[in-house]
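Content type mmCIF, C-alpha atoms, from the file data_17.cif:
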```cif
data_query
loop_
_atom_site.label_atom_id
_atom_site.label_comp_id
_atom_site.auth_asym_id
_atom_site.auth_seq_id
_atom_site.Cartn_x
_atom_site.Cartn_y
_atom_site.Cartn_z
CA MET A 243 -53.55 21.50 -8.17
CA ALA A 244 -54.01 18.50 -5.90
CA THR A 245 -54.17 19.13 -2.20
CA GLY A 246 -51.87 17.59 0.39
CA GLU A 247 -52.72 16.02 3.71
CA ASN A 248 -55.43 17.74 5.78
CA GLY A 249 -56.56 19.53 2.61
CA ALA A 250 -53.68 21.99 2.87
CA ARG A 251 -52.44 23.64 -0.31
CA ARG A 252 -49.40 25.59 0.88
CA VAL A 253 -46.71 24.54 3.35
CA ALA A 254 -43.76 26.42 4.83
CA LEU A 255 -40.90 23.93 4.96
CA GLY A 256 -38.03 24.64 7.33
CA MET A 257 -34.89 24.20 5.23
CA SER A 258 -31.57 23.90 7.04
CA GLY A 259 -29.52 23.27 3.92
CA GLY A 260 -29.25 19.55 4.64
CA VAL A 261 -30.40 16.50 2.70
CA ASP A 262 -33.35 15.70 4.99
CA SER A 263 -35.18 18.99 4.45
CA ALA A 264 -34.27 18.90 0.75
CA VAL A 265 -35.91 15.50 0.26
CA SER A 266 -38.82 16.63 2.42
CA ALA A 267 -39.46 19.34 -0.16
CA ALA A 268 -39.61 16.78 -2.95
CA LEU A 269 -41.93 14.48 -1.00
CA LEU A 270 -44.27 17.35 -0.15
CA MET A 271 -44.43 18.34 -3.80
CA ARG A 272 -45.32 14.75 -4.71
CA ALA A 273 -48.11 14.86 -2.10
CA GLY A 274 -49.63 17.89 -3.81
CA TYR A 275 -48.44 20.74 -1.62
CA GLU A 276 -47.30 24.13 -2.83
CA VAL A 277 -43.99 24.32 -0.98
CA VAL A 278 -42.21 27.45 0.19
CA GLY A 279 -38.71 26.83 1.49
CA VAL A 280 -37.99 28.84 4.64
CA THR A 281 -34.49 29.13 6.05
CA CYS A 282 -34.49 30.52 9.57
CA ARG A 283 -31.08 31.99 10.29
CA PHE A 284 -30.33 31.44 13.95
CA THR A 285 -26.73 32.63 13.83
CA ASP A 286 -24.86 35.20 11.79
CA ASP A 287 -21.74 33.38 10.66
CA ALA A 288 -20.20 31.55 7.73
CA ALA A 289 -21.93 28.28 8.60
CA ALA A 290 -25.34 29.99 8.44
CA ASP A 291 -24.38 31.54 5.10
CA ARG A 292 -23.45 28.12 3.69
CA ALA A 293 -26.66 26.55 4.97
CA ALA A 294 -28.79 29.29 3.41
CA ASP A 295 -26.93 28.99 0.11
CA ASP A 296 -27.44 25.20 0.07
CA ALA A 297 -31.16 25.59 0.81
CA ALA A 298 -31.50 28.18 -1.94
CA ALA A 299 -29.74 25.85 -4.38
CA VAL A 300 -32.15 23.02 -3.55
CA CYS A 301 -35.14 25.31 -4.05
CA ALA A 302 -33.75 26.48 -7.37
CA ARG A 303 -33.31 22.87 -8.48
CA LEU A 304 -36.91 22.02 -7.52
CA GLY A 305 -38.40 25.28 -8.77
CA LEU A 306 -39.53 26.46 -5.34
CA ARG A 307 -39.70 29.86 -3.74
CA HIS A 308 -37.07 30.33 -1.04
CA VAL A 309 -37.13 32.91 1.75
CA GLU A 310 -34.83 33.66 4.65
CA ARG A 311 -35.75 34.93 8.09
CA ASP A 312 -33.51 36.47 10.71
CA CYS A 313 -34.28 34.59 13.94
CA ALA A 314 -30.98 35.24 15.72
CA ALA A 315 -32.43 37.35 18.53
CA LEU A 316 -35.00 34.72 19.52
CA PHE A 317 -32.40 31.95 19.23
CA GLU A 318 -30.03 33.85 21.53
CA SER A 319 -32.68 34.46 24.20
CA ALA A 320 -34.53 31.14 23.99
CA VAL A 321 -31.68 28.70 23.34
CA VAL A 322 -28.12 30.00 23.65
CA GLN A 323 -28.38 32.00 26.87
CA PRO A 324 -30.39 29.28 28.68
CA PHE A 325 -27.70 26.80 27.59
CA VAL A 326 -25.00 28.99 29.13
CA ASP A 327 -27.03 29.63 32.27
CA ALA A 328 -27.70 25.92 32.73
CA TYR A 329 -24.01 25.04 32.63
CA ALA A 330 -23.27 27.88 35.04
CA ALA A 331 -25.83 26.33 37.42
CA GLY A 332 -24.18 22.91 37.28
CA LEU A 333 -26.63 21.33 34.84
CA THR A 334 -25.96 19.53 31.56
CA PRO A 335 -28.47 21.02 29.10
CA SER A 336 -29.90 19.45 25.95
CA PRO A 337 -30.56 22.56 23.84
CA CYS A 338 -32.09 20.95 20.75
CA VAL A 339 -35.21 19.68 22.55
CA GLY A 340 -36.11 23.11 23.89
CA CYS A 341 -35.13 24.80 20.64
CA ASN A 342 -37.71 22.91 18.60
CA ALA A 343 -40.55 23.99 20.88
CA CYS A 344 -39.41 27.50 21.82
CA CYS A 345 -37.57 28.73 18.73
CA LYS A 346 -37.68 26.64 15.55
CA LEU A 347 -41.40 25.87 15.40
CA PRO A 348 -42.47 29.36 16.55
CA SER A 349 -40.20 30.95 13.94
CA LEU A 350 -41.47 28.67 11.20
CA LEU A 351 -45.11 29.20 12.15
CA ASP A 352 -44.64 32.96 12.11
CA ALA A 353 -43.18 32.68 8.62
CA ALA A 354 -46.07 30.46 7.55
CA ASP A 355 -48.62 33.01 8.69
CA GLU A 356 -46.86 35.78 6.79
CA LEU A 357 -46.60 33.62 3.66
CA GLY A 358 -50.19 32.41 3.76
CA CYS A 359 -49.25 28.82 4.45
CA ASP A 360 -51.75 26.46 6.09
CA VAL A 361 -49.16 24.17 7.67
CA VAL A 362 -45.45 23.85 8.33
CA ALA A 363 -43.06 20.96 7.78
CA THR A 364 -39.61 19.89 8.92
CA GLY A 365 -37.20 17.11 8.03
CA HIS A 366 -37.44 15.33 11.39
CA TYR A 367 -37.72 11.55 11.40
CA ALA A 368 -40.97 11.16 13.34
CA ARG A 369 -44.72 11.04 12.72
CA ILE A 370 -47.73 13.07 13.86
CA ALA A 371 -51.02 11.41 14.81
CA GLN A 372 -54.33 12.43 16.35
CA LEU A 373 -55.65 10.19 19.14
CA ALA A 374 -59.09 8.74 18.58
CA ASP A 375 -60.20 8.89 22.22
CA ASN A 376 -59.55 12.56 22.99
CA GLY A 377 -58.56 14.17 19.68
CA ARG A 378 -55.16 15.31 20.96
CA TYR A 379 -52.15 15.42 18.68
CA VAL A 380 -49.08 13.37 19.53
CA VAL A 381 -45.66 12.59 18.15
CA LYS A 382 -45.02 8.98 17.18
CA CYS A 383 -41.70 7.28 16.56
CA ALA A 384 -40.33 7.11 13.04
CA LEU A 385 -40.49 3.80 11.23
CA ASP A 386 -36.68 3.94 10.96
CA ALA A 387 -35.74 3.32 14.60
CA ARG A 388 -32.10 4.18 13.95
CA LYS A 389 -33.02 7.73 12.90
CA ASP A 390 -36.04 8.28 15.15
CA GLN A 391 -36.20 11.88 16.42
CA SER A 392 -39.49 11.76 18.32
CA TYR A 393 -37.55 12.56 21.51
CA MET A 394 -36.61 15.93 20.03
CA LEU A 395 -40.25 16.87 19.46
CA ALA A 396 -41.64 15.84 22.85
CA LEU A 397 -42.20 19.41 24.06
CA LEU A 398 -44.27 20.59 21.10
CA SER A 399 -47.67 22.02 21.99
CA GLN A 400 -51.05 21.01 20.61
CA GLU A 401 -51.16 24.18 18.51
CA GLN A 402 -47.77 23.39 17.00
CA LEU A 403 -48.52 19.71 16.37
CA ALA A 404 -51.85 20.51 14.71
CA ARG A 405 -50.05 22.41 11.95
CA LEU A 406 -46.96 20.23 11.58
CA VAL A 407 -46.28 17.79 8.72
CA LEU A 408 -43.34 15.37 8.88
CA PRO A 409 -42.65 13.87 5.44
CA LEU A 410 -39.81 11.59 6.56
CA GLY A 411 -41.63 9.69 9.31
CA GLY A 412 -42.06 6.59 7.15
CA THR A 413 -38.74 6.88 5.32
CA THR A 414 -35.26 5.54 6.05
CA LYS A 415 -32.11 7.61 5.81
CA ALA A 416 -30.81 5.31 3.07
CA GLU A 417 -33.96 5.97 1.03
CA VAL A 418 -33.54 9.70 1.54
CA ARG A 419 -29.97 9.59 0.20
CA VAL A 420 -31.07 7.59 -2.85
CA LEU A 421 -33.96 9.93 -3.61
CA ALA A 422 -31.70 12.98 -3.25
CA ALA A 423 -29.25 11.49 -5.72
CA ASP A 424 -32.02 10.53 -8.17
CA LEU A 425 -33.34 14.09 -8.09
CA GLY A 426 -29.88 15.55 -8.59
CA LEU A 427 -30.13 17.61 -5.42
CA PRO A 428 -26.91 19.50 -4.68
CA VAL A 429 -26.89 18.34 -1.04
CA ALA A 430 -27.30 14.62 -1.77
CA GLU A 431 -23.93 13.74 -0.24
CA LYS A 432 -23.82 16.44 2.42
CA PRO A 433 -22.75 14.99 5.79
CA GLU A 434 -24.86 15.04 8.96
CA SER A 435 -24.88 18.26 10.96
CA GLN A 436 -23.31 18.45 14.41
CA ASP A 437 -25.42 18.07 17.54
CA VAL A 438 -25.09 21.62 18.91
CA CYS A 439 -25.38 23.88 15.89
CA PHE A 440 -24.11 27.08 17.54
CA ILE A 441 -20.83 25.62 18.83
CA GLU A 442 -17.82 24.74 16.72
CA GLY A 443 -15.20 22.73 18.54
CA ASP A 444 -14.98 22.40 22.31
CA TYR A 445 -18.11 23.59 24.14
CA ARG A 446 -15.96 24.52 27.15
CA ALA A 447 -14.18 27.20 25.13
CA PHE A 448 -17.58 28.54 24.10
CA LEU A 449 -18.67 28.68 27.74
CA ARG A 450 -15.51 30.54 28.73
CA GLU A 451 -16.20 33.09 26.01
CA ARG A 452 -19.63 33.56 27.58
CA GLY A 453 -18.20 34.09 31.04
CA VAL A 454 -18.64 30.61 32.46
CA ASP A 455 -15.20 29.98 33.86
CA ASP A 456 -15.94 28.19 37.11
CA PRO A 457 -13.13 27.68 39.61
CA PRO A 458 -11.19 24.49 40.28
CA GLY A 459 -12.39 22.22 43.03
CA ALA A 460 -12.10 18.86 44.66
CA ILE A 461 -12.89 15.49 43.14
CA VAL A 462 -14.50 13.37 45.85
CA ASP A 463 -15.91 9.86 46.05
CA CYS A 464 -19.42 9.05 47.23
CA ALA A 465 -18.19 8.87 50.84
CA GLY A 466 -16.66 12.35 50.62
CA ALA A 467 -12.98 11.35 50.44
CA VAL A 468 -10.90 13.72 48.32
CA LEU A 469 -9.35 11.94 45.33
CA GLY A 470 -7.94 14.83 43.33
CA ARG A 471 -8.68 18.22 41.77
CA HIS A 472 -10.63 19.35 38.72
CA ASP A 473 -10.40 22.52 36.60
CA GLY A 474 -14.10 23.45 36.68
CA LEU A 475 -17.43 21.64 36.96
CA SER A 476 -18.67 22.84 33.57
CA GLY A 477 -16.08 20.59 31.92
CA PHE A 478 -17.78 17.43 33.19
CA THR A 479 -21.04 15.60 32.54
CA VAL A 480 -22.86 13.28 34.89
CA GLY A 481 -22.34 9.76 33.58
CA GLN A 482 -18.94 10.61 32.07
CA ARG A 483 -16.31 7.85 32.39
CA LYS A 484 -13.22 9.05 30.52
CA GLY A 485 -11.05 12.09 31.16
CA ILE A 486 -11.99 12.52 34.81
CA GLY A 487 -8.38 12.71 36.00
CA VAL A 488 -8.39 10.12 38.79
CA ALA A 489 -7.76 6.39 38.55
CA ALA A 490 -8.57 3.34 40.63
CA ARG A 491 -8.92 -0.44 40.38
CA GLU A 492 -11.95 0.06 38.13
CA PRO A 493 -13.20 3.05 36.15
CA TYR A 494 -14.74 6.01 37.91
CA TYR A 495 -17.89 7.69 36.65
CA VAL A 496 -19.10 11.19 37.33
CA VAL A 497 -22.18 10.72 39.54
CA GLY A 498 -22.81 14.30 40.64
CA LYS A 499 -21.75 17.95 40.53
CA ARG A 500 -22.12 20.05 43.68
CA SER A 501 -22.17 23.60 42.42
CA GLU A 502 -22.51 25.03 45.93
CA THR A 503 -19.19 23.50 47.06
CA GLY A 504 -17.50 23.06 43.68
CA GLU A 505 -17.09 19.32 44.28
CA LEU A 506 -17.12 16.76 41.47
CA VAL A 507 -18.52 13.48 42.82
CA VAL A 508 -17.33 10.23 41.27
CA GLY A 509 -18.16 6.60 41.89
CA PHE A 510 -17.75 3.12 40.49
CA ALA A 511 -20.25 1.57 38.07
CA ASP A 512 -22.50 0.23 40.80
CA GLU A 513 -22.64 3.71 42.34
CA ALA A 514 -23.49 5.33 39.01
CA ARG A 515 -26.96 3.81 38.76
CA ILE A 516 -30.24 5.49 39.55
CA ALA A 517 -33.64 4.34 40.80
CA ASN A 518 -35.83 7.33 39.88
CA VAL A 519 -35.78 10.86 38.52
CA LEU A 520 -37.81 13.97 39.29
CA VAL A 521 -38.99 15.64 36.09
CA GLY A 522 -40.84 18.77 35.38
CA PRO A 523 -42.91 20.62 34.88
CA VAL A 524 -43.90 18.13 32.20
CA ARG A 525 -45.45 19.22 28.92
CA TRP A 526 -47.98 16.53 27.99
CA GLN A 527 -49.12 15.72 24.47
CA ALA A 528 -51.33 12.62 24.91
CA PHE A 529 -53.40 14.11 27.75
CA VAL A 530 -53.81 17.37 29.63
CA CYS A 531 -52.26 16.29 32.92
CA LEU A 532 -51.23 13.20 34.88
CA ASP A 533 -53.67 12.66 37.73
CA GLU A 534 -52.70 9.14 38.80
CA PRO A 535 -49.70 6.82 38.48
CA ARG A 536 -49.39 4.92 35.25
CA ALA A 537 -47.00 2.57 33.50
CA ALA A 538 -44.91 3.99 30.70
CA SER A 539 -41.45 3.95 29.19
CA VAL A 540 -38.90 6.73 29.54
CA LYS A 541 -35.85 7.84 27.59
CA LEU A 542 -33.40 9.60 29.90
CA ARG A 543 -31.15 10.83 27.09
CA TYR A 544 -31.64 11.27 23.36
CA ARG A 545 -29.45 8.32 22.41
CA SER A 546 -30.51 5.99 25.21
CA ARG A 547 -33.17 3.31 24.85
CA ALA A 548 -36.59 3.67 26.41
CA VAL A 549 -36.92 1.73 29.67
CA PRO A 550 -40.03 0.75 31.68
CA CYS A 551 -41.09 2.98 34.56
CA ILE A 552 -44.02 4.13 36.65
CA ILE A 553 -44.75 7.85 36.38
CA GLU A 554 -46.20 9.36 39.51
CA PRO A 555 -47.70 12.86 39.74
CA GLU A 556 -45.88 15.41 41.90
CA PRO A 557 -46.85 18.98 42.86
CA GLU A 558 -46.67 21.85 40.34
CA GLY A 559 -46.90 19.67 37.25
CA ARG A 560 -43.86 17.58 38.02
CA VAL A 561 -43.65 13.79 37.91
CA ARG A 562 -41.40 11.19 39.45
CA ALA A 563 -40.35 8.39 37.13
CA VAL A 564 -39.70 5.27 39.18
CA LEU A 565 -37.57 2.96 37.07
CA ARG A 566 -38.49 -0.72 36.93
CA GLU A 567 -34.79 -1.57 37.01
CA PRO A 568 -31.82 0.62 37.98
CA GLN A 569 -30.31 2.48 35.03
CA PRO A 570 -27.01 4.24 34.31
CA THR A 571 -27.15 7.72 35.76
CA THR A 572 -28.23 10.69 33.72
CA ALA A 573 -27.61 14.39 34.22
CA PRO A 574 -29.98 17.02 35.58
CA GLY A 575 -30.68 19.30 32.65
CA GLN A 576 -31.30 16.45 30.22
CA PHE A 577 -34.85 15.65 29.16
CA ALA A 578 -36.97 12.69 30.14
CA VAL A 579 -39.43 11.73 27.41
CA PHE A 580 -42.30 9.40 28.28
CA SER A 581 -44.02 7.06 25.86
CA VAL A 582 -46.32 4.09 25.53
CA GLY A 583 -45.44 1.91 22.59
CA ASP A 584 -44.52 4.22 19.71
CA THR A 585 -46.56 7.16 21.06
CA VAL A 586 -44.98 10.04 22.95
CA LEU A 587 -46.91 11.03 26.07
CA GLY A 588 -44.83 14.12 26.88
CA GLY A 589 -41.56 15.23 28.36
CA GLY A 590 -39.77 17.56 30.73
CA MET A 591 -36.37 18.47 32.09
CA ILE A 592 -34.77 16.19 34.66
CA GLU A 593 -34.33 18.18 37.88
CA GLU A 594 -33.05 15.52 40.29
CA VAL A 595 -31.74 11.96 40.10
CA ALA A 596 -31.93 9.46 42.96
CA SER A 597 -29.19 6.86 43.21
CA VAL A 598 -29.91 3.22 43.93
#
```

Take the structure in this file and express it as structure tokens.
Amino acid sequence: MATGENGARRVALGMSGGVDSAVSAALLMRAGYEVVGVTCRFTDDAAADRAADDAAAVCARLGLRHVERDCAALFESAVVQPFVDAYAAGLTPSPCVGCNACCKLPSLLDAADELGCDVVATGHYARIAQLADNGRYVVKCALDARKDQSYMLALLSQEQLARLVLPLGGTTKAEVRVLAADLGLPVAEKPESQDVCFIEGDYRAFLRERGVDDPPGAIVDCAGAVLGRHDGLSGFTVGQRKGIGVAAREPYYVVGKRSETGELVVGFADEARIANVLVGPVRWQAFVCLDEPRAASVKLRYRSRAVPCIIEPEPEGRVRAVLREPQPTTAPGQFAVFSVGDTVLGGGMIEEVASV
């Protein structure tokens, strides 16, 4: 049979049961790959059962082999418990970014090795490229800016990127839906999945079940004046505007959480802007390390736009991103992803934010 990209004949495709991975299977087949659908089960519940059944149905429709792998133990240790621990420490974690690098890709690569697959593939909307000057692999933005998921892949290592194929990088979501319908795939109209796959409903109830039930405390303004009381810091996110529980002449924003004192710090819009963030340790894709300041762009949240900055090296692999213009505050625990043009340089967790 014809060979796919990089001369690979067999690919292990991560299949979540959604339309994106289903269409990825069809596109890989068109490119000449022998596709094996792999469903990594990260939880043991009804939702995981439905996802596996949907993936199996797609594989049956396309005539592909489908296998399941139990990855719940790794998912618990690498994703769920760190998520809980981060909230307990006063952070606002972004579990999907770390999951791709520490759980999903490792699980899929392990399956690929067992199945004799040269490469792996996922249904992410992004592209992989190899730089001409140093040969390093990088993630590039998808051509469909509205669906771009390059941010979610910013922590992938060179070893992971070298074996990763992303069939949807040059495809729009609308095209994916049309192709799924044309192929008669059973998931053609399946809705988008939720952001945090292991939580149904209110994340605060999930945290309480896991023992994170932090005590009430004071709501204070930036000058330290007490404005009211809150029911627990884990119920708030830095940058949050609604549902804070105190009112004034203009809206308050959450600008900080002091876990050592239990205080929730709020401020007006002009007090909820930041000048720089400390990030790290950073995992670089485009180069080995940052040894001098350089201009770049940074996304401070998944759904925020990239803004210009100067990244400056700090000790122990950290960097400080000095923003060209003040930006709305972000939360420690989120990820900063650096880029130049459509090329991801690397990313790391935000440890500190500095107000204007």

Task: Within 10 Å of region 590-594 of chain A using all atoms listed in the file, minus same-chain residues under 2 positions, as a ChimeraX atom specification - done: /A:333-336,339-340,396-397,518-526,542-543,559-563,572-580,588,596-597

Picked residues, the PyMOL selection byres ((chain A and resi 271) around 12), as a PDB file with C-alpha atoms, keeping the file's coordinate frame:
```pdb
ATOM      1  CA  MET A 243     -53.550  21.500  -8.170  1.00  0.00           C
ATOM      2  CA  ALA A 244     -54.010  18.500  -5.900  1.00  0.00           C
ATOM      3  CA  THR A 245     -54.170  19.130  -2.200  1.00  0.00           C
ATOM      4  CA  GLY A 246     -51.870  17.590   0.390  1.00  0.00           C
ATOM      5  CA  GLU A 247     -52.720  16.020   3.710  1.00  0.00           C
ATOM      6  CA  ALA A 250     -53.680  21.990   2.870  1.00  0.00           C
ATOM      7  CA  ARG A 251     -52.440  23.640  -0.310  1.00  0.00           C
ATOM      8  CA  ARG A 252     -49.400  25.590   0.880  1.00  0.00           C
ATOM      9  CA  VAL A 253     -46.710  24.540   3.350  1.00  0.00           C
ATOM     10  CA  ALA A 254     -43.760  26.420   4.830  1.00  0.00           C
ATOM     11  CA  LEU A 255     -40.900  23.930   4.960  1.00  0.00           C
ATOM     12  CA  ALA A 264     -34.270  18.900   0.750  1.00  0.00           C
ATOM     13  CA  VAL A 265     -35.910  15.500   0.260  1.00  0.00           C
ATOM     14  CA  SER A 266     -38.820  16.630   2.420  1.00  0.00           C
ATOM     15  CA  ALA A 267     -39.460  19.340  -0.160  1.00  0.00           C
ATOM     16  CA  ALA A 268     -39.610  16.780  -2.950  1.00  0.00           C
ATOM     17  CA  LEU A 269     -41.930  14.480  -1.000  1.00  0.00           C
ATOM     18  CA  LEU A 270     -44.270  17.350  -0.150  1.00  0.00           C
ATOM     19  CA  ARG A 272     -45.320  14.750  -4.710  1.00  0.00           C
ATOM     20  CA  ALA A 273     -48.110  14.860  -2.100  1.00  0.00           C
ATOM     21  CA  GLY A 274     -49.630  17.890  -3.810  1.00  0.00           C
ATOM     22  CA  TYR A 275     -48.440  20.740  -1.620  1.00  0.00           C
ATOM     23  CA  GLU A 276     -47.300  24.130  -2.830  1.00  0.00           C
ATOM     24  CA  VAL A 277     -43.990  24.320  -0.980  1.00  0.00           C
ATOM     25  CA  VAL A 278     -42.210  27.450   0.190  1.00  0.00           C
ATOM     26  CA  GLY A 279     -38.710  26.830   1.490  1.00  0.00           C
ATOM     27  CA  CYS A 301     -35.140  25.310  -4.050  1.00  0.00           C
ATOM     28  CA  LEU A 304     -36.910  22.020  -7.520  1.00  0.00           C
ATOM     29  CA  GLY A 305     -38.400  25.280  -8.770  1.00  0.00           C
ATOM     30  CA  LEU A 306     -39.530  26.460  -5.340  1.00  0.00           C
ATOM     31  CA  ALA A 363     -43.060  20.960   7.780  1.00  0.00           C
ATOM     32  CA  PRO A 409     -42.650  13.870   5.440  1.00  0.00           C
TER      33      PRO A 409
END
```

Open item on the list: Since I can't run it myself right now, could you work out what the PyMOL selection byres ((chain A and resi 551) around 8) selects here and report it as a list in words?
Closed with: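 Applied to this file, the PyMOL selection byres ((chain A and resi 551) around 8) selects Ala537, Ala538, Ser539, Val540, Val549, Pro550, Ile552, Ile553, Ala563, Val564, Leu565 and Arg566 of chain A.
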
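Between CA of Phe284 (chain A) and CA of Ala384 (chain A) the interatomic distance comes to 26.3 Å.
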
Surrounding residues of Asn376 (chain A) excluding itself and chain neighbours under 3 positions, 9 Å, only C-alpha atoms, as a PDB file with C-alpha atoms, in the coordinates of the input:
```pdb
ATOM      1  CA  GLN A 372     -54.330  12.430  16.350  1.00  0.00           C
ATOM      2  CA  LEU A 373     -55.650  10.190  19.140  1.00  0.00           C
ATOM      3  CA  ALA A 528     -51.330  12.620  24.910  1.00  0.00           C
ATOM      4  CA  PHE A 529     -53.400  14.110  27.750  1.00  0.00           C
TER       5      PHE A 529
END
```

TODO: Just say which residues the PyMOL selection byres ((chain A and resi 367) around 8) picks in this file, as a PyMOL selection string.
DONE: chain A and resi 365-366+368-369+383-384+386+389-392+408+410-413

Selection from above, C-alpha atoms, as a PDB file, in the frame of the given file, can you write it?
```pdb
ATOM      1  CA  GLY A 365     -37.200  17.110   8.030  1.00  0.00           C
ATOM      2  CA  HIS A 366     -37.440  15.330  11.390  1.00  0.00           C
ATOM      3  CA  ALA A 368     -40.970  11.160  13.340  1.00  0.00           C
ATOM      4  CA  ARG A 369     -44.720  11.040  12.720  1.00  0.00           C
ATOM      5  CA  CYS A 383     -41.700   7.280  16.560  1.00  0.00           C
ATOM      6  CA  ALA A 384     -40.330   7.110  13.040  1.00  0.00           C
ATOM      7  CA  ASP A 386     -36.680   3.940  10.960  1.00  0.00           C
ATOM      8  CA  LYS A 389     -33.020   7.730  12.900  1.00  0.00           C
ATOM      9  CA  ASP A 390     -36.040   8.280  15.150  1.00  0.00           C
ATOM     10  CA  GLN A 391     -36.200  11.880  16.420  1.00  0.00           C
ATOM     11  CA  SER A 392     -39.490  11.760  18.320  1.00  0.00           C
ATOM     12  CA  LEU A 408     -43.340  15.370   8.880  1.00  0.00           C
ATOM     13  CA  LEU A 410     -39.810  11.590   6.560  1.00  0.00           C
ATOM     14  CA  GLY A 411     -41.630   9.690   9.310  1.00  0.00           C
ATOM     15  CA  GLY A 412     -42.060   6.590   7.150  1.00  0.00           C
ATOM     16  CA  THR A 413     -38.740   6.880   5.320  1.00  0.00           C
TER      17      THR A 413
END
```

Task: Non-local contacts of region 488-500 of chain A (9 Å; all atoms listed in the file; under 5 positions in same chain excluded) as a VMD selection string - done: chain A and resid 332 to 333 461 464 469 to 471 475 478 to 483 505 to 511 513 to 515 571 to 573 597

Open item on the list: List the spatial neighbours of Asp327 (chain A) as number ranges by chain - criterion: any atom at most 10 Å away, all atoms listed in the file, same-chain residues fewer than 3 positions off excluded.
Closed with: A: 322-324, 330-333, 335, 449, 452-454

Task: Minimum-distance residue to Ala314 (chain A), chosen among A:Val462, A:Cys338, A:Cys345, A:Leu398 (using all atoms listed in the file) - done: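 Looking at the shortest contact to Ala314 (chain A), the residue is A:Cys345.
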
Task: Nearby residues (all atoms listed in the file) at most 7 Å from region 415-427 of chain A, same-chain spacing under 6 positions excluded, as a VMD selection string - done: chain A and resid 262 265 300 303

Open item on the list: Using only C-alpha atoms for the distances, tell me which of A:Val321, A:Ile486, A:Val280, A:Val309 is nearest to Val438 (chain A).
Closed with: A:Val321

Please reconstruct the missing atoms of region 539-550 of chain A (target: N, CA, C and O atoms) and return them as a compact mmCIF listing (two decimals), in the coordinates of the input.
```
# COMPACT_ATOMS: atom_id res chain seq x y z
N SER A 539 -42.88 4.08 29.43
CA SER A 539 -41.45 3.95 29.19
C SER A 539 -40.84 5.34 29.20
O SER A 539 -41.55 6.33 28.94
N VAL A 540 -39.56 5.43 29.49
CA VAL A 540 -38.90 6.73 29.54
C VAL A 540 -37.53 6.64 28.89
O VAL A 540 -36.80 5.66 29.07
N LYS A 541 -37.21 7.65 28.09
CA LYS A 541 -35.85 7.84 27.59
C LYS A 541 -35.22 8.95 28.42
O LYS A 541 -35.77 10.05 28.51
N LEU A 542 -34.07 8.66 29.02
CA LEU A 542 -33.40 9.60 29.90
C LEU A 542 -32.34 10.43 29.18
O LEU A 542 -31.83 11.40 29.75
N ARG A 543 -32.03 10.07 27.98
CA ARG A 543 -31.15 10.83 27.09
C ARG A 543 -31.61 10.56 25.66
O ARG A 543 -32.26 9.55 25.40
N TYR A 544 -31.22 11.42 24.75
CA TYR A 544 -31.64 11.27 23.36
C TYR A 544 -31.22 9.92 22.80
O TYR A 544 -32.00 9.21 22.16
N ARG A 545 -29.98 9.52 23.04
CA ARG A 545 -29.45 8.32 22.41
C ARG A 545 -29.56 7.09 23.30
O ARG A 545 -28.94 6.06 23.02
N SER A 546 -30.30 7.17 24.37
CA SER A 546 -30.51 5.99 25.21
C SER A 546 -31.79 5.28 24.77
O SER A 546 -32.63 5.85 24.08
N ARG A 547 -31.94 4.04 25.18
CA ARG A 547 -33.17 3.31 24.85
C ARG A 547 -34.24 3.62 25.88
O ARG A 547 -33.95 3.98 27.02
N ALA A 548 -35.48 3.47 25.49
CA ALA A 548 -36.59 3.67 26.41
C ALA A 548 -36.67 2.49 27.36
O ALA A 548 -36.55 1.34 26.95
N VAL A 549 -36.87 2.78 28.66
CA VAL A 549 -36.92 1.73 29.67
C VAL A 549 -38.24 1.84 30.44
O VAL A 549 -38.79 2.93 30.58
N PRO A 550 -38.75 0.72 30.96
CA PRO A 550 -40.03 0.75 31.68
C PRO A 550 -39.94 1.54 32.98
O PRO A 550 -38.91 1.54 33.67
```
